$ cat work_23.cif   # mmCIF, C-alpha atoms
data_model
loop_
_atom_site.label_atom_id
_atom_site.label_comp_id
_atom_site.auth_asym_id
_atom_site.auth_seq_id
_atom_site.Cartn_x
_atom_site.Cartn_y
_atom_site.Cartn_z
CA ASN A 22 0.00 0.00 0.00
CA ILE A 23 1.15 3.53 -0.71
CA VAL A 24 1.21 6.55 1.57
CA THR A 25 -1.56 9.09 1.01
CA ALA A 26 -2.12 12.82 1.44
CA SER A 27 1.52 13.60 0.76
CA SER A 28 2.50 17.26 0.61
CA VAL A 29 5.43 19.65 0.79
CA THR A 30 5.02 22.94 2.65
CA VAL A 31 7.56 25.77 2.64
CA THR A 32 8.27 27.08 6.15
CA THR A 33 11.22 29.46 5.55
CA PRO A 34 13.44 30.22 2.54
CA THR A 35 15.69 27.30 3.59
CA THR A 36 13.27 24.83 5.24
CA ALA A 37 10.23 22.82 4.19
CA SER A 38 8.01 20.18 5.76
CA VAL A 39 7.14 16.95 3.97
CA GLY A 40 4.03 15.19 5.28
CA TRP A 41 2.12 12.01 4.50
CA THR A 42 -0.45 9.58 5.89
CA LEU A 43 0.73 6.04 6.59
CA PRO A 44 -0.85 3.35 4.39
CA THR A 45 -3.56 1.03 5.64
CA GLY A 46 -2.09 -1.93 7.53
CA TYR A 47 1.25 -0.21 8.12
CA SER A 48 3.29 -1.84 10.89
CA SER A 49 6.48 -0.35 12.28
CA ALA A 50 7.68 -3.91 12.93
CA ASN A 51 7.50 -4.80 9.24
CA ASN A 52 7.53 -1.53 7.29
CA SER A 53 9.58 1.62 6.78
CA ILE A 54 8.98 4.96 5.12
CA LEU A 55 11.75 6.31 2.88
CA VAL A 56 11.77 9.90 1.63
CA PHE A 57 14.16 11.25 -1.00
CA VAL A 58 14.68 14.86 -2.11
CA LYS A 59 16.35 16.17 -5.27
CA ALA A 60 17.09 19.71 -6.39
CA VAL A 61 15.91 21.15 -9.72
CA SER A 62 14.64 18.06 -11.59
CA ALA A 63 12.38 15.11 -10.82
CA VAL A 64 13.78 12.03 -9.12
CA THR A 65 14.56 9.14 -11.50
CA GLN A 66 12.45 6.38 -9.97
CA GLY A 67 13.64 3.23 -11.72
CA THR A 68 12.90 -0.04 -9.93
CA PRO A 69 13.96 0.18 -6.28
CA GLY A 70 15.03 -2.86 -4.35
CA SER A 71 17.69 -1.88 -1.81
CA ALA A 72 16.99 -2.69 1.81
CA PRO A 73 15.98 0.29 3.97
CA SER A 74 18.98 -0.55 6.16
CA SER A 75 21.24 0.51 3.27
CA TYR A 76 20.08 4.11 3.64
CA THR A 77 21.21 6.69 6.15
CA ALA A 78 18.85 9.65 6.39
CA SER A 79 19.77 13.28 6.95
CA ALA A 80 17.05 15.90 7.22
CA ASN A 81 19.69 18.56 6.54
CA PHE A 82 19.98 18.64 2.76
CA SER A 83 23.29 20.51 2.94
CA THR A 84 24.81 17.43 4.63
CA PRO A 85 22.93 14.83 2.60
CA GLY A 86 22.02 11.30 3.50
CA THR A 87 22.54 8.28 1.26
CA ALA A 88 21.82 8.76 -2.43
CA TYR A 89 18.84 6.90 -3.87
CA GLN A 90 19.92 3.75 -5.72
CA ASN A 91 18.49 4.94 -9.06
CA ASP A 92 19.43 8.63 -8.86
CA ALA A 93 22.76 9.81 -7.49
CA ASN A 94 21.40 13.34 -7.02
CA ALA A 95 18.42 12.38 -4.85
CA PHE A 96 19.19 11.96 -1.18
CA CYS A 97 17.46 10.23 1.71
CA VAL A 98 16.05 12.80 4.13
CA TYR A 99 13.91 10.43 6.18
CA LYS A 100 13.76 6.75 7.18
CA GLY A 101 11.33 5.65 9.85
CA ASP A 102 7.69 5.32 10.83
CA ALA A 103 6.49 8.88 11.37
CA THR A 104 4.14 10.96 9.21
CA GLY A 105 6.40 13.84 8.37
CA VAL A 106 9.88 15.34 8.31
CA ALA A 107 11.20 18.91 8.48
CA VAL A 108 13.92 19.33 5.87
CA SER A 109 16.54 22.06 6.34
CA GLY A 110 19.59 23.19 4.39
CA LEU A 111 17.61 24.03 1.25
CA THR A 112 18.65 26.84 -1.09
CA PRO A 113 16.42 29.91 -1.62
CA GLY A 114 14.93 30.11 -5.10
CA VAL A 115 15.67 26.46 -5.98
CA THR A 116 12.95 23.93 -6.88
CA TYR A 117 12.92 20.64 -4.95
CA ASN A 118 11.30 17.35 -5.90
CA VAL A 119 10.27 14.64 -3.43
CA LEU A 120 9.79 10.88 -3.64
CA VAL A 121 8.06 8.89 -0.87
CA TYR A 122 8.03 5.10 -0.54
CA ALA A 123 6.47 2.67 1.90
CA VAL A 124 8.71 -0.41 2.08
CA VAL A 125 8.08 -3.90 3.39
CA ASP A 126 11.32 -5.23 4.86
CA ALA A 127 12.86 -8.30 3.22
CA SER A 128 12.45 -10.46 6.33
CA ASN A 129 8.69 -10.03 6.06
CA SER A 130 8.17 -10.42 2.34
CA ALA A 131 8.45 -13.29 -0.07
CA GLY A 132 10.42 -11.50 -2.74
CA GLY A 133 12.96 -9.25 -1.07
CA ASN A 134 12.33 -5.67 -0.11
CA SER A 135 8.90 -4.77 -1.47
CA TYR A 136 8.48 -1.11 -2.40
CA SER A 137 5.10 0.55 -2.82
CA THR A 138 4.32 2.61 -5.87
CA ALA A 139 6.22 5.88 -5.59
CA VAL A 140 4.32 8.90 -4.32
CA VAL A 141 5.49 12.20 -5.79
CA PRO A 142 4.16 15.33 -4.06
CA THR A 143 4.01 18.54 -6.06
CA ALA A 144 7.48 20.07 -6.34
CA VAL A 145 8.11 23.30 -4.44
CA THR A 146 10.23 26.31 -5.29
CA MET A 147 11.81 27.86 -2.23
CA PRO A 148 11.18 31.57 -1.63
CA PRO A 149 13.97 34.08 -2.13
CA ALA A 150 16.23 34.71 0.88
CA ASN A 151 14.66 38.13 1.40
CA ASP A 152 11.18 36.66 1.74
CA ILE A 153 11.64 37.30 5.47
CA CYS A 154 12.95 40.25 7.43
CA SER A 155 16.11 38.48 8.63
CA GLY A 156 17.08 37.91 4.98
CA ALA A 157 16.58 41.55 3.96
CA ILE A 158 18.91 42.66 1.17
CA VAL A 159 21.06 45.59 2.25
CA ILE A 160 20.79 48.62 -0.01
CA PRO A 161 24.23 50.29 0.12
CA ASN A 162 25.02 53.93 0.65
CA ARG A 163 26.86 55.05 -2.46
CA SER A 164 26.34 57.40 -5.35
CA PHE A 165 22.62 58.01 -5.65
CA PRO A 166 20.35 56.85 -7.10
CA VAL A 167 21.00 53.30 -5.89
CA LEU A 168 19.42 50.43 -7.82
CA THR A 169 18.91 46.98 -6.38
CA THR A 170 19.49 43.82 -8.40
CA PRO A 171 16.21 42.72 -10.05
CA MET A 172 14.55 40.13 -7.81
CA SER A 173 11.61 37.82 -8.48
CA ASN A 174 8.92 37.48 -5.84
CA VAL A 175 7.07 34.72 -7.73
CA SER A 176 7.95 32.11 -5.10
CA ALA A 177 7.76 34.52 -2.15
CA THR A 178 5.18 33.96 0.58
CA ASP A 179 3.04 36.24 2.72
CA THR A 180 4.51 34.79 5.92
CA ASN A 181 5.11 37.50 8.55
CA ASP A 182 4.71 40.28 6.00
CA PRO A 183 3.57 43.54 7.61
CA VAL A 184 0.16 44.63 6.39
CA PRO A 185 0.61 47.72 4.19
CA THR A 186 -1.26 50.79 5.41
CA CYS A 187 -2.05 52.01 1.90
CA GLU A 188 -3.38 48.95 0.04
CA THR A 189 -3.42 45.15 0.06
CA GLY A 190 -0.11 43.63 -1.00
CA ARG A 191 1.07 40.09 -1.62
CA LYS A 192 4.40 38.25 -1.66
CA GLY A 193 6.48 40.87 0.12
CA ILE A 194 10.25 40.89 -0.27
CA TRP A 195 12.48 42.76 2.17
CA TYR A 196 15.30 45.30 1.89
CA SER A 197 17.13 47.37 4.48
CA PHE A 198 18.66 50.82 4.18
CA THR A 199 20.69 52.73 6.76
CA PRO A 200 21.32 56.31 5.58
CA LEU A 201 24.60 58.01 6.38
CA THR A 202 22.97 61.42 6.20
CA THR A 203 19.72 62.65 7.68
CA GLY A 204 17.44 63.95 4.95
CA ASN A 205 14.69 63.18 2.51
CA TYR A 206 14.82 60.17 0.22
CA SER A 207 12.63 58.80 -2.55
CA VAL A 208 11.90 55.10 -2.92
CA SER A 209 10.34 53.55 -6.02
CA THR A 210 9.91 50.43 -8.13
CA CYS A 211 10.26 52.49 -11.31
CA PRO A 212 13.18 50.48 -12.77
CA GLY A 213 11.22 47.21 -12.54
CA GLY A 214 9.01 47.56 -15.60
CA ASP A 215 5.22 47.79 -15.44
CA LEU A 216 4.60 45.26 -12.65
CA ASP A 217 1.79 46.40 -10.33
CA THR A 218 3.58 47.04 -7.04
CA LEU A 219 3.37 48.84 -3.73
CA LEU A 220 6.00 49.87 -1.20
CA SER A 221 6.15 50.21 2.56
CA VAL A 222 8.96 51.77 4.61
CA GLY A 223 9.24 51.26 8.33
CA THR A 224 11.37 50.63 11.38
CA GLY A 225 11.57 47.93 14.04
CA ALA A 226 13.46 44.76 14.80
CA CYS A 227 12.92 41.59 12.78
CA GLY A 228 10.30 39.49 14.53
CA GLY A 229 8.91 42.56 16.29
CA THR A 230 6.49 45.29 15.35
CA PHE A 231 6.91 46.94 11.95
CA ASP A 232 6.28 50.66 12.42
CA SER A 233 5.32 52.01 9.01
CA ILE A 234 6.40 55.57 8.24
CA ALA A 235 5.50 55.64 4.54
CA CYS A 236 3.43 53.54 2.15
CA SER A 237 2.47 53.98 -1.49
CA ASP A 238 0.67 52.12 -4.23
CA GLU A 239 0.62 55.17 -6.47
CA VAL A 240 2.99 56.48 -9.08
CA ASP A 241 4.51 59.95 -9.22
CA GLU A 242 4.61 60.61 -12.95
CA SER A 243 7.37 63.18 -12.51
CA LEU A 244 9.60 60.35 -11.26
CA CYS A 245 8.26 57.30 -13.05
CA ALA A 246 6.72 56.63 -16.44
CA ASN A 247 5.05 53.32 -15.56
CA THR A 248 1.67 53.99 -14.01
CA SER A 249 1.53 50.65 -12.19
CA ASN A 250 4.75 51.24 -10.25
CA ALA A 251 4.88 52.48 -6.66
CA VAL A 252 6.64 55.70 -5.70
CA ILE A 253 7.28 57.20 -2.28
CA PRO A 254 8.36 60.62 -3.54
CA SER A 255 9.83 61.80 -0.23
CA VAL A 256 10.32 60.26 3.20
CA SER A 257 12.44 61.74 5.98
CA LEU A 258 15.12 59.32 7.20
CA THR A 259 17.56 59.72 10.10
CA ALA A 260 21.26 58.91 9.75
CA GLY A 261 22.29 55.69 11.45
CA VAL A 262 18.77 54.27 11.73
CA THR A 263 18.04 51.04 9.84
CA TYR A 264 14.85 51.22 7.81
CA TYR A 265 13.13 48.26 6.19
CA ILE A 266 11.60 48.55 2.74
CA VAL A 267 9.05 45.90 1.79
CA ALA A 268 8.02 45.60 -1.86
CA TYR A 269 4.78 43.81 -2.72
CA THR A 270 2.78 42.95 -5.78
CA TYR A 271 -0.99 42.98 -6.07
CA LEU A 272 -1.28 39.67 -7.89
CA THR A 273 -0.42 36.32 -6.33
CA SER A 274 1.58 35.43 -9.45
CA GLY A 275 4.24 38.05 -8.67
CA GLY A 276 7.03 39.14 -10.99
CA THR A 277 10.42 40.86 -11.07
CA ILE A 278 10.97 43.84 -8.79
CA GLN A 279 13.78 46.40 -8.79
CA ILE A 280 14.00 49.20 -6.25
CA GLU A 281 15.53 52.63 -6.61
CA VAL A 282 16.52 54.74 -3.58
CA ASN A 283 17.53 58.33 -4.18
CA SER A 284 18.69 61.16 -1.94
CA ILE A 285 16.70 64.35 -2.41
CA ALA A 286 18.97 67.35 -2.08
CA ALA A 287 17.73 70.27 -0.05
CA PRO A 288 16.91 73.29 -2.21
CA THR A 289 19.53 76.01 -2.38
CA ILE A 290 18.86 79.75 -2.32
CA ASP A 291 20.94 81.64 -4.82
CA SER A 292 19.68 85.12 -4.04
CA PHE A 293 17.15 87.05 -2.06
CA ALA A 294 14.68 89.45 -3.55
CA PRO A 295 15.27 93.05 -2.40
#

$ encode --input "work_23.cif" --output "structure tokens"
Amino acid sequence: NIVTASSVTVTTPTTASVGWTLPTGYSSANNSILVFVKAVSAVTQGTPGSAPSSYTASANFSTPGTAYQNDANAFCVYKGDATGVAVSGLTPGVTYNVLVYAVVDASNSAGGNSYSTAVVPTAVTMPPANDICSGAIVIPNRSFPVLTTPMSNVSATDTNDPVPTCETGRKGIWYSFTPLTTGNYSVSTCPGGDLDTLLSVGTGACGGTFDSIACSDEVDESLCANTSNAVIPSVSLTAGVTYYIVAYTYLTSGGTIQIEVNSIAAPTIDSFAP
């Protein structure tokens, strides 16, 4: 019998939980569950026959367990009798494929180790590292304007995203910026094409309260030609304070986001009227 209700759930950009329901008639005295994980492509199933005892499991994919007998790039992350395993050591942005077997041990079967039909949960793509506050990408202080590297939020989640004060946003990705000079700054998604975005700027420690100081889902046409982009035309920032910038999209499908931060120079007075 095969396991049922198998699933893979992303928990952080580097961890995921694999779950399943044990098959009818499963006995820990006679059976074992084997779970294999492979990056990028599907696991080559072949015809398995190795004894469960030949596998050593490691739930940390960065220090992998034994390779599956029919695919040298698929590694054993679980061997036992439970109904789930938390897998760590995954790489942000990479797609992972899973293979789950219920095995009858050789000592309790007539024809060697008897494997169930393979169960293949839907593959998952890990979120980007900056899907969470602790993975925020640092925006450097250098010649302004500063442009971030284009970043996809397609696989980002809504987990622990602060709720924007200006509009509903999805799939937030995080950035941090610590100005060297107190003054006014603009923040926008103008370089990122016509993706429908919104921006929120705030302070606070990761895991704590996000105190929003600016939010925008509107475009300033004097700064940005794409009407679906978000522009915060001016926000006052204090030198030495770390601010978090969260960029969202409206649609759950997401897209590629690029942020621009610019320092707004104070106006100069060349002369006074008599």

$ resolve_selection --input "work_23.cif" --expression "the PyMOL selection byres ((chain A and resi 34) around 9)" --output "ChimeraX atom specification"
/A:31-33,35-37,111-114,147-153,156,177

$ write_last_selection --input "work_23.cif" --atoms "C-alpha atoms" --output "PDB file, in the coordinates of the input"
ATOM      1  CA  VAL A  31       7.560  25.770   2.640  1.00  0.00           C
ATOM      2  CA  THR A  32       8.270  27.080   6.150  1.00  0.00           C
ATOM      3  CA  THR A  33      11.220  29.460   5.550  1.00  0.00           C
ATOM      4  CA  THR A  35      15.690  27.300   3.590  1.00  0.00           C
ATOM      5  CA  THR A  36      13.270  24.830   5.240  1.00  0.00           C
ATOM      6  CA  ALA A  37      10.230  22.820   4.190  1.00  0.00           C
ATOM      7  CA  LEU A 111      17.610  24.030   1.250  1.00  0.00           C
ATOM      8  CA  THR A 112      18.650  26.840  -1.090  1.00  0.00           C
ATOM      9  CA  PRO A 113      16.420  29.910  -1.620  1.00  0.00           C
ATOM     10  CA  GLY A 114      14.930  30.110  -5.100  1.00  0.00           C
ATOM     11  CA  MET A 147      11.810  27.860  -2.230  1.00  0.00           C
ATOM     12  CA  PRO A 148      11.180  31.570  -1.630  1.00  0.00           C
ATOM     13  CA  PRO A 149      13.970  34.080  -2.130  1.00  0.00           C
ATOM     14  CA  ALA A 150      16.230  34.710   0.880  1.00  0.00           C
ATOM     15  CA  ASN A 151      14.660  38.130   1.400  1.00  0.00           C
ATOM     16  CA  ASP A 152      11.180  36.660   1.740  1.00  0.00           C
ATOM     17  CA  ILE A 153      11.640  37.300   5.470  1.00  0.00           C
ATOM     18  CA  GLY A 156      17.080  37.910   4.980  1.00  0.00           C
ATOM     19  CA  ALA A 177       7.760  34.520  -2.150  1.00  0.00           C
TER      20      ALA A 177
END

$ resolve_selection --input "work_23.cif" --expression "the PyMOL selection byres ((chain A and resi 62-72) around 9)" --output "PyMOL selection string"
chain A and resi 57-61+73-76+89-92+94-95+116-120+124+126-127+133-136+139+141+144

$ write_last_selection --input "work_23.cif" --atoms "C-alpha atoms" --output "compact mmCIF listing (two decimals), keeping the file's coordinate frame"
# COMPACT_ATOMS: atom_id res chain seq x y z
CA PHE A 57 14.16 11.25 -1.00
CA VAL A 58 14.68 14.86 -2.11
CA LYS A 59 16.35 16.17 -5.27
CA ALA A 60 17.09 19.71 -6.39
CA VAL A 61 15.91 21.15 -9.72
CA PRO A 73 15.98 0.29 3.97
CA SER A 74 18.98 -0.55 6.16
CA SER A 75 21.24 0.51 3.27
CA TYR A 76 20.08 4.11 3.64
CA TYR A 89 18.84 6.90 -3.87
CA GLN A 90 19.92 3.75 -5.72
CA ASN A 91 18.49 4.94 -9.06
CA ASP A 92 19.43 8.63 -8.86
CA ASN A 94 21.40 13.34 -7.02
CA ALA A 95 18.42 12.38 -4.85
CA THR A 116 12.95 23.93 -6.88
CA TYR A 117 12.92 20.64 -4.95
CA ASN A 118 11.30 17.35 -5.90
CA VAL A 119 10.27 14.64 -3.43
CA LEU A 120 9.79 10.88 -3.64
CA VAL A 124 8.71 -0.41 2.08
CA ASP A 126 11.32 -5.23 4.86
CA ALA A 127 12.86 -8.30 3.22
CA GLY A 133 12.96 -9.25 -1.07
CA ASN A 134 12.33 -5.67 -0.11
CA SER A 135 8.90 -4.77 -1.47
CA TYR A 136 8.48 -1.11 -2.40
CA ALA A 139 6.22 5.88 -5.59
CA VAL A 141 5.49 12.20 -5.79
CA ALA A 144 7.48 20.07 -6.34

$ resolve_selection --input "work_23.cif" --expression "the PyMOL selection byres ((chain A and resi 217) around 7)" --output "ChimeraX atom specification"
/A:215-216,218,249-250,270-271

$ closest_residue --input "work_23.cif" --among "A:Gly193, A:Gly105, A:Gly223, A:Pro200" --to "Tyr269 in chain A" --atoms "all atoms listed in the file"
A:Gly193

$ atom_distance --input "work_23.cif" --atom1 "CA of Phe82 in chain A" --atom2 "CA of Ser109 in chain A"
6.0 Å

$ atom_distance --input "work_23.cif" --atom1 "CA of Tyr264 in chain A" --atom2 "CA of Gly276 in chain A"
23.7 Å

$ closest_residue --input "work_23.cif" --among "A:Leu201, A:Ile158, A:Val240, A:Ala268" --to "Asp182 in chain A" --atoms "all atoms listed in the file"
A:Ala268

$ residues_near_point --input "work_23.cif" --point "(13.0, 61.7, 6.8)" --cutoff "9 Å" --atoms "all atoms listed in the file" --output "PyMOL selection string"
chain A and resi 203-206+255-259

$ atom_distance --input "work_23.cif" --atom1 "CA of Cys211 in chain A" --atom2 "CA of Asp232 in chain A"
24.1 Å

$ residues_around --input "work_23.cif" --residues "Thr45 in chain A" --least-positions-apart "4" --cutoff "9 Å" --atoms "all atoms listed in the file" --output "VMD selection string"
chain A and resid 22 to 24

$ residues_around --input "work_23.cif" --residues "Ser28 in chain A" --least-positions-apart "2" --cutoff "6 Å" --atoms "only C-alpha atoms" --output "VMD selection string"
chain A and resid 39 to 40 142

$ build_atoms --input "work_23.cif" --residues "range 233-261 of chain A" --atoms "N, CA and C atoms" --output "PDB file, in the coordinates of the input"
ATOM      1  N   SER A 233       5.311  51.407  10.345  1.00  0.00           N
ATOM      2  CA  SER A 233       5.320  52.010   9.010  1.00  0.00           C
ATOM      3  C   SER A 233       5.411  53.528   9.105  1.00  0.00           C
ATOM      4  N   ILE A 234       6.299  54.109   8.297  1.00  0.00           N
ATOM      5  CA  ILE A 234       6.400  55.570   8.240  1.00  0.00           C
ATOM      6  C   ILE A 234       6.020  56.103   6.860  1.00  0.00           C
ATOM      7  N   ALA A 235       5.916  55.224   5.886  1.00  0.00           N
ATOM      8  CA  ALA A 235       5.500  55.640   4.540  1.00  0.00           C
ATOM      9  C   ALA A 235       5.006  54.418   3.781  1.00  0.00           C
ATOM     10  N   CYS A 236       3.984  54.625   2.961  1.00  0.00           N
ATOM     11  CA  CYS A 236       3.430  53.540   2.150  1.00  0.00           C
ATOM     12  C   CYS A 236       2.835  54.139   0.888  1.00  0.00           C
ATOM     13  N   SER A 237       3.010  53.463  -0.226  1.00  0.00           N
ATOM     14  CA  SER A 237       2.470  53.980  -1.490  1.00  0.00           C
ATOM     15  C   SER A 237       2.154  52.857  -2.455  1.00  0.00           C
ATOM     16  N   ASP A 238       1.005  52.988  -3.100  1.00  0.00           N
ATOM     17  CA  ASP A 238       0.670  52.120  -4.230  1.00  0.00           C
ATOM     18  C   ASP A 238       0.440  52.968  -5.461  1.00  0.00           C
ATOM     19  N   GLU A 239       0.841  54.236  -5.377  1.00  0.00           N
ATOM     20  CA  GLU A 239       0.620  55.170  -6.470  1.00  0.00           C
ATOM     21  C   GLU A 239       1.933  55.551  -7.128  1.00  0.00           C
ATOM     22  N   VAL A 240       1.819  56.047  -8.335  1.00  0.00           N
ATOM     23  CA  VAL A 240       2.990  56.480  -9.080  1.00  0.00           C
ATOM     24  C   VAL A 240       3.071  58.005  -9.066  1.00  0.00           C
ATOM     25  N   ASP A 241       4.269  58.523  -9.018  1.00  0.00           N
ATOM     26  CA  ASP A 241       4.510  59.950  -9.220  1.00  0.00           C
ATOM     27  C   ASP A 241       5.066  60.079 -10.635  1.00  0.00           C
ATOM     28  N   GLU A 242       4.244  60.613 -11.535  1.00  0.00           N
ATOM     29  CA  GLU A 242       4.610  60.610 -12.950  1.00  0.00           C
ATOM     30  C   GLU A 242       5.815  61.509 -13.251  1.00  0.00           C
ATOM     31  N   SER A 243       6.173  62.379 -12.308  1.00  0.00           N
ATOM     32  CA  SER A 243       7.370  63.180 -12.510  1.00  0.00           C
ATOM     33  C   SER A 243       8.633  62.357 -12.256  1.00  0.00           C
ATOM     34  N   LEU A 244       8.463  61.210 -11.576  1.00  0.00           N
ATOM     35  CA  LEU A 244       9.600  60.350 -11.260  1.00  0.00           C
ATOM     36  C   LEU A 244       9.567  59.030 -12.015  1.00  0.00           C
ATOM     37  N   CYS A 245       8.409  58.654 -12.512  1.00  0.00           N
ATOM     38  CA  CYS A 245       8.260  57.300 -13.050  1.00  0.00           C
ATOM     39  C   CYS A 245       7.237  57.286 -14.173  1.00  0.00           C
ATOM     40  N   ALA A 246       7.602  56.662 -15.278  1.00  0.00           N
ATOM     41  CA  ALA A 246       6.720  56.630 -16.440  1.00  0.00           C
ATOM     42  C   ALA A 246       5.679  55.522 -16.368  1.00  0.00           C
ATOM     43  N   ASN A 247       5.967  54.464 -15.612  1.00  0.00           N
ATOM     44  CA  ASN A 247       5.050  53.320 -15.560  1.00  0.00           C
ATOM     45  C   ASN A 247       3.988  53.552 -14.498  1.00  0.00           C
ATOM     46  N   THR A 248       2.741  53.620 -14.916  1.00  0.00           N
ATOM     47  CA  THR A 248       1.670  53.990 -14.010  1.00  0.00           C
ATOM     48  C   THR A 248       1.328  52.917 -12.975  1.00  0.00           C
ATOM     49  N   SER A 249       1.817  51.710 -13.149  1.00  0.00           N
ATOM     50  CA  SER A 249       1.530  50.650 -12.190  1.00  0.00           C
ATOM     51  C   SER A 249       2.596  50.525 -11.105  1.00  0.00           C
ATOM     52  N   ASN A 250       3.691  51.287 -11.253  1.00  0.00           N
ATOM     53  CA  ASN A 250       4.750  51.240 -10.250  1.00  0.00           C
ATOM     54  C   ASN A 250       4.356  52.013  -8.993  1.00  0.00           C
ATOM     55  N   ALA A 251       5.107  51.774  -7.917  1.00  0.00           N
ATOM     56  CA  ALA A 251       4.880  52.480  -6.660  1.00  0.00           C
ATOM     57  C   ALA A 251       6.006  53.470  -6.427  1.00  0.00           C
ATOM     58  N   VAL A 252       5.650  54.660  -5.969  1.00  0.00           N
ATOM     59  CA  VAL A 252       6.640  55.700  -5.700  1.00  0.00           C
ATOM     60  C   VAL A 252       6.329  56.340  -4.344  1.00  0.00           C
ATOM     61  N   ILE A 253       7.321  56.350  -3.476  1.00  0.00           N
ATOM     62  CA  ILE A 253       7.280  57.200  -2.280  1.00  0.00           C
ATOM     63  C   ILE A 253       8.152  58.392  -2.625  1.00  0.00           C
ATOM     64  N   PRO A 254       7.563  59.519  -2.991  1.00  0.00           N
ATOM     65  CA  PRO A 254       8.360  60.620  -3.540  1.00  0.00           C
ATOM     66  C   PRO A 254       9.303  61.260  -2.537  1.00  0.00           C
ATOM     67  N   SER A 255       8.945  61.209  -1.243  1.00  0.00           N
ATOM     68  CA  SER A 255       9.830  61.800  -0.230  1.00  0.00           C
ATOM     69  C   SER A 255       9.477  61.244   1.139  1.00  0.00           C
ATOM     70  N   VAL A 256      10.489  60.729   1.819  1.00  0.00           N
ATOM     71  CA  VAL A 256      10.320  60.260   3.200  1.00  0.00           C
ATOM     72  C   VAL A 256      11.552  60.706   3.977  1.00  0.00           C
ATOM     73  N   SER A 257      11.339  61.235   5.167  1.00  0.00           N
ATOM     74  CA  SER A 257      12.440  61.740   5.980  1.00  0.00           C
ATOM     75  C   SER A 257      13.070  60.584   6.756  1.00  0.00           C
ATOM     76  N   LEU A 258      14.380  60.402   6.552  1.00  0.00           N
ATOM     77  CA  LEU A 258      15.120  59.320   7.200  1.00  0.00           C
ATOM     78  C   LEU A 258      16.257  59.906   8.033  1.00  0.00           C
ATOM     79  N   THR A 259      16.543  59.244   9.163  1.00  0.00           N
ATOM     80  CA  THR A 259      17.560  59.720  10.100  1.00  0.00           C
ATOM     81  C   THR A 259      18.843  58.913   9.940  1.00  0.00           C
ATOM     82  N   ALA A 260      19.965  59.585   9.895  1.00  0.00           N
ATOM     83  CA  ALA A 260      21.260  58.910   9.750  1.00  0.00           C
ATOM     84  C   ALA A 260      21.463  57.888  10.857  1.00  0.00           C
ATOM     85  N   GLY A 261      21.973  56.728  10.486  1.00  0.00           N
ATOM     86  CA  GLY A 261      22.290  55.690  11.450  1.00  0.00           C
ATOM     87  C   GLY A 261      21.152  54.778  11.835  1.00  0.00           C
TER      88      GLY A 261
END
